[in-house]
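Worksheet: one structure, shown below.
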Amino acid sequence: MNFDDFSFAQPWWLLLLAALPVLAWLQGGRGPMPAVRFSSVEAMRFGAQKRNAGWGGFARVLLHVALALLVIALARPRLGKTHDTIESSGVDIMLALDVSGSMIAEDYTLGGQPASRLDAVKDVSKHFIEARPNDRIGIIVFAGRPYLMSPATLDHAWLLQNLERMKIGILPDTGTSIGSALASASNRLRDKVSKSKIIVLLTDGAENVTTVKPEIAAEAAKALGIKIYTIGVGRNGPVRVPVMFFGTKSYQMQEFPTDEPGLQKIAQIGGGQFFRAADSETLNNVFKQIDQLEKTEVKLKHKVEWRELFEWFIAAGSLLLAVRAALAQTIWRTVP
C-alpha cells in the first residue's frame, strides 16, 4: 500500500526541540573552576601523549541528535493513506428495451451514417449508464415476452458487456408485450432499498401480445414506489427497413405505428414522463433529461489508515546514545 500523507499525532512535543540549541550553548560555555591550581603545565606539555581534542564536540553532537530523535518520537510521526468510500443514496434503474423486429428500421444516424433504432438505443443507453456510476442499473429486453439481460448492478463494465449482446432476434419476434416488460422490471426492483426506483421503458410499437395489461402493470409499479418514464422511438409514417434477398441487402418502406396515448398513460400512472424521440439527437436529449430529473446524491466518506513511525525514531535515538556511551568508555575514555 502506498502512503502519501505524513503528519504528527502529537505535534506539540516538537516545541521541546527549541530547548536543544539552549542546551548546546550551555554545554559549550566556560566550565567550572579547577579544583587544583597549577602555576604552569607548560613543562608537562612535551611529555604528555597527544589526544583527540574533538571528542567533546562530537559527543555533544551525538547527544543532541539523539535527544532530537527522541523528541520527534514523542510527537508520534506517522504516514497516512486516505480511503474515499462512496456512500450514496443512489437510484435503482431498470431499462426495459424493445428488441422486436421493427427496431431494425433505419431512421436514426450514428456518426453521420444511417443506423437502426436498436443501434441508436444501445448507443444512448451506454452513455446513460456511464454517466451514472453510483446507481444500480439493470436491463430487460422484450418482444413478445421479456428477458432479463442483467439485474440491477453497480458492475457497469459487466452491464455494458451485456448491452452489447443485445440484438434483434435475441427473442422470438412474436410481437410486443409492454405490460409483461413493465411487470418483469417492477419485480426486479420491488425489494431494492434506495432513494428512488425508476423504469425507463423504450419501444417503437404498441401492445399486441397481452399477458399483463400495461395500465395494470403501471399501477402495480406505482404501488411499489417505482416511477416510470416511457420513450417512443422512431418516426411516424413509412421508414426504411433493410431486407435480404438471396444475400443481397435492399430496403423496403414500412410503417410501425407507436401507441403514444398508451405510453403517455403509463407514464402518467407511474408518476414519470413520456418522451417522443424521432431522431438520434432527440433520443440523446431525452436520456439527458431523465439523467437530470433523477439525480443521485453522493456522499464521500474519508477514512485514513495510519502507519506509526515513532518506533524507528526511538530506536535511532537509543542507538546514538549507546554509541556515545560505548565510545566514551573505550577509545575516547578520559581520565578525571
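Lettering and numbering for the C-alpha cells are positional, with chains as A, B, ... in the shown order, residues counted from 1 in each chain, and ligands counted from 1 in the shown order.
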
Contacts of A:Ser116 at 7 Å (only C-alpha atoms; same-chain gap of 4+ positions) as a PyMOL selection string
chain A and resi 103-108+120

Take the residues that were just selected and, keeping N, CA and C atoms, output them as a PDB file, in the first residue's frame.
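Resulting contents of part.pdb:
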ATOM      1  N   MET A 103     -37.477  -2.764 -34.600  1.00  0.00           N
ATOM      2  CA  MET A 103     -36.348  -1.957 -34.146  1.00  0.00           C
ATOM      3  C   MET A 103     -35.174  -2.002 -35.108  1.00  0.00           C
ATOM      4  N   ILE A 104     -35.307  -2.786 -36.189  1.00  0.00           N
ATOM      5  CA  ILE A 104     -34.250  -2.832 -37.211  1.00  0.00           C
ATOM      6  C   ILE A 104     -34.379  -1.686 -38.203  1.00  0.00           C
ATOM      7  N   ALA A 105     -35.505  -0.981 -38.175  1.00  0.00           N
ATOM      8  CA  ALA A 105     -35.731   0.142 -39.088  1.00  0.00           C
ATOM      9  C   ALA A 105     -34.616   1.173 -38.944  1.00  0.00           C
ATOM     10  N   GLU A 106     -34.147   1.704 -40.068  1.00  0.00           N
ATOM     11  CA  GLU A 106     -33.007   2.626 -40.069  1.00  0.00           C
ATOM     12  C   GLU A 106     -33.476   4.058 -40.291  1.00  0.00           C
ATOM     13  N   ASP A 107     -34.018   4.652 -39.264  1.00  0.00           N
ATOM     14  CA  ASP A 107     -34.408   6.062 -39.344  1.00  0.00           C
ATOM     15  C   ASP A 107     -33.631   6.914 -38.334  1.00  0.00           C
ATOM     16  N   TYR A 108     -32.484   6.393 -37.870  1.00  0.00           N
ATOM     17  CA  TYR A 108     -31.575   7.129 -36.991  1.00  0.00           C
ATOM     18  C   TYR A 108     -30.208   7.223 -37.666  1.00  0.00           C
ATOM     19  N   ALA A 120     -29.114   2.850 -32.201  1.00  0.00           N
ATOM     20  CA  ALA A 120     -29.185   4.171 -31.574  1.00  0.00           C
ATOM     21  C   ALA A 120     -29.523   4.046 -30.092  1.00  0.00           C
TER      22      ALA A 120
END

Shell of 8 Å around A:Gly237, only C-alpha atoms, local chain residues under 3 positions omitted, as a PyMOL selection string:
chain A and resi 254-257

Given the choices A:Leu95, A:Met244, A:Asn236, A:Pro133, which gets closest to A:Ser186 if the distance is worked out from only C-alpha atoms?
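Of all the options, A:Leu95 lies closest to A:Ser186.
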
Quick one: residues within 8 Å of A:Leu97, only C-alpha atoms, excluding same-chain residues fewer than 5 positions away - as JSON, numbers by chain?
{"A": [139, 140, 141, 142, 201, 202, 203]}

Residues of stretch 176-265 of chain A in strand (DSSP E), written as a VMD selection string:
chain A and resid 196 to 203 226 to 233 238 to 245 248 to 255

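Minimum distance to A:Pro77 across A:Glu294, A:Asp92, A:Asp119, A:Asp5 (counting only C-alpha atoms) occurs at A:Asp5.
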
Between A:Lys222, A:His156, A:Arg240, A:Lys288, smallest distance to A:Pro114 by only C-alpha atoms belongs to A:Arg240

Return the single residue from A:Ile178, A:Met149, A:Ala24, A:Val286 that is closest to A:Leu62, with distances computed using only C-alpha atoms.
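Counting only C-alpha atoms, the residue closest to A:Leu62 is A:Ala24.
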
A:Leu159 environment, 9 Å, only C-alpha atoms, sequence neighbours closer than 2 positions dropped, as a PyMOL selection string:
chain A and resi 129+137-139+149-157+161-164

Excluding A:Gly101 and its own-chain neighbours fewer than 2 positions away, which residues fall within 12 Å of it when counting only C-alpha atoms? Please give them as a short mmCIF file (atom, residue, chain, number, x, y, z; two decimals) with C-alpha atoms, in the first residue's frame.
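Saved as part03.cif:
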data_model
loop_
_atom_site.label_atom_id
_atom_site.label_comp_id
_atom_site.auth_asym_id
_atom_site.auth_seq_id
_atom_site.Cartn_x
_atom_site.Cartn_y
_atom_site.Cartn_z
CA ASP A 98 -37.75 -3.18 -27.13
CA VAL A 99 -35.92 -5.71 -29.37
CA MET A 103 -36.35 -1.96 -34.15
CA ILE A 104 -34.25 -2.83 -37.21
CA ALA A 105 -35.73 0.14 -39.09
CA GLU A 106 -33.01 2.63 -40.07
CA SER A 116 -31.08 1.15 -36.84
CA ARG A 117 -33.32 2.13 -33.96
CA LEU A 118 -31.74 -0.58 -31.84
CA PHE A 142 -38.65 -7.57 -24.60
CA ALA A 143 -40.54 -8.51 -27.71
CA GLY A 144 -43.46 -10.92 -27.32
CA LYS A 167 -29.65 -7.57 -30.83
CA ILE A 168 -32.67 -8.27 -32.98
CA GLY A 169 -33.53 -11.96 -32.78
CA ILE A 170 -32.39 -12.49 -29.19
CA LEU A 171 -36.09 -13.18 -28.55
CA PRO A 172 -38.68 -14.69 -30.92
CA ASP A 173 -40.30 -11.86 -32.88
CA THR A 174 -43.86 -12.67 -31.86
CA GLY A 175 -44.99 -9.12 -31.19
CA THR A 176 -44.65 -6.51 -28.43
CA THR A 203 -40.43 0.98 -27.55
CA ASP A 204 -41.39 1.79 -31.13
CA GLY A 205 -44.59 -0.20 -31.19
CA VAL A 241 -36.27 -1.31 -43.31
CA PRO A 242 -33.34 -3.45 -44.54
CA VAL A 243 -34.26 -6.81 -46.06
CA GLN A 254 -42.69 0.05 -43.87
CA PHE A 256 -44.72 0.86 -37.47
#

Tell me which of A:Ala223, A:Ala183, A:Ile93, A:Met166 sits closest to A:Lys195, counting only C-alpha atoms.
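Ranking A:Ala223, A:Ala183, A:Ile93, A:Met166 by distance to A:Lys195, first place goes to A:Ile93.
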
If we count only C-alpha atoms and set the cut-off at 7 Å, which residues sit around A:Glu305, ignoring sequence neighbours fewer than 5 positions away in its own chain? Please answer as a CSV table (one decimal) with C-alpha atoms, in the first residue's frame.
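Dumped to result_6.csv:
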chain,number,residue,atom,x,y,z
A,80,GLY,CA,-1.3,8.0,6.3
A,81,LYS,CA,-3.3,6.5,3.4
A,82,THR,CA,-6.7,8.1,2.7

Using only C-alpha atoms, can you tell me which of A:Gly232, A:Gly225, A:Pro21, A:Gly111 comes closest to A:Val200?
A:Gly232
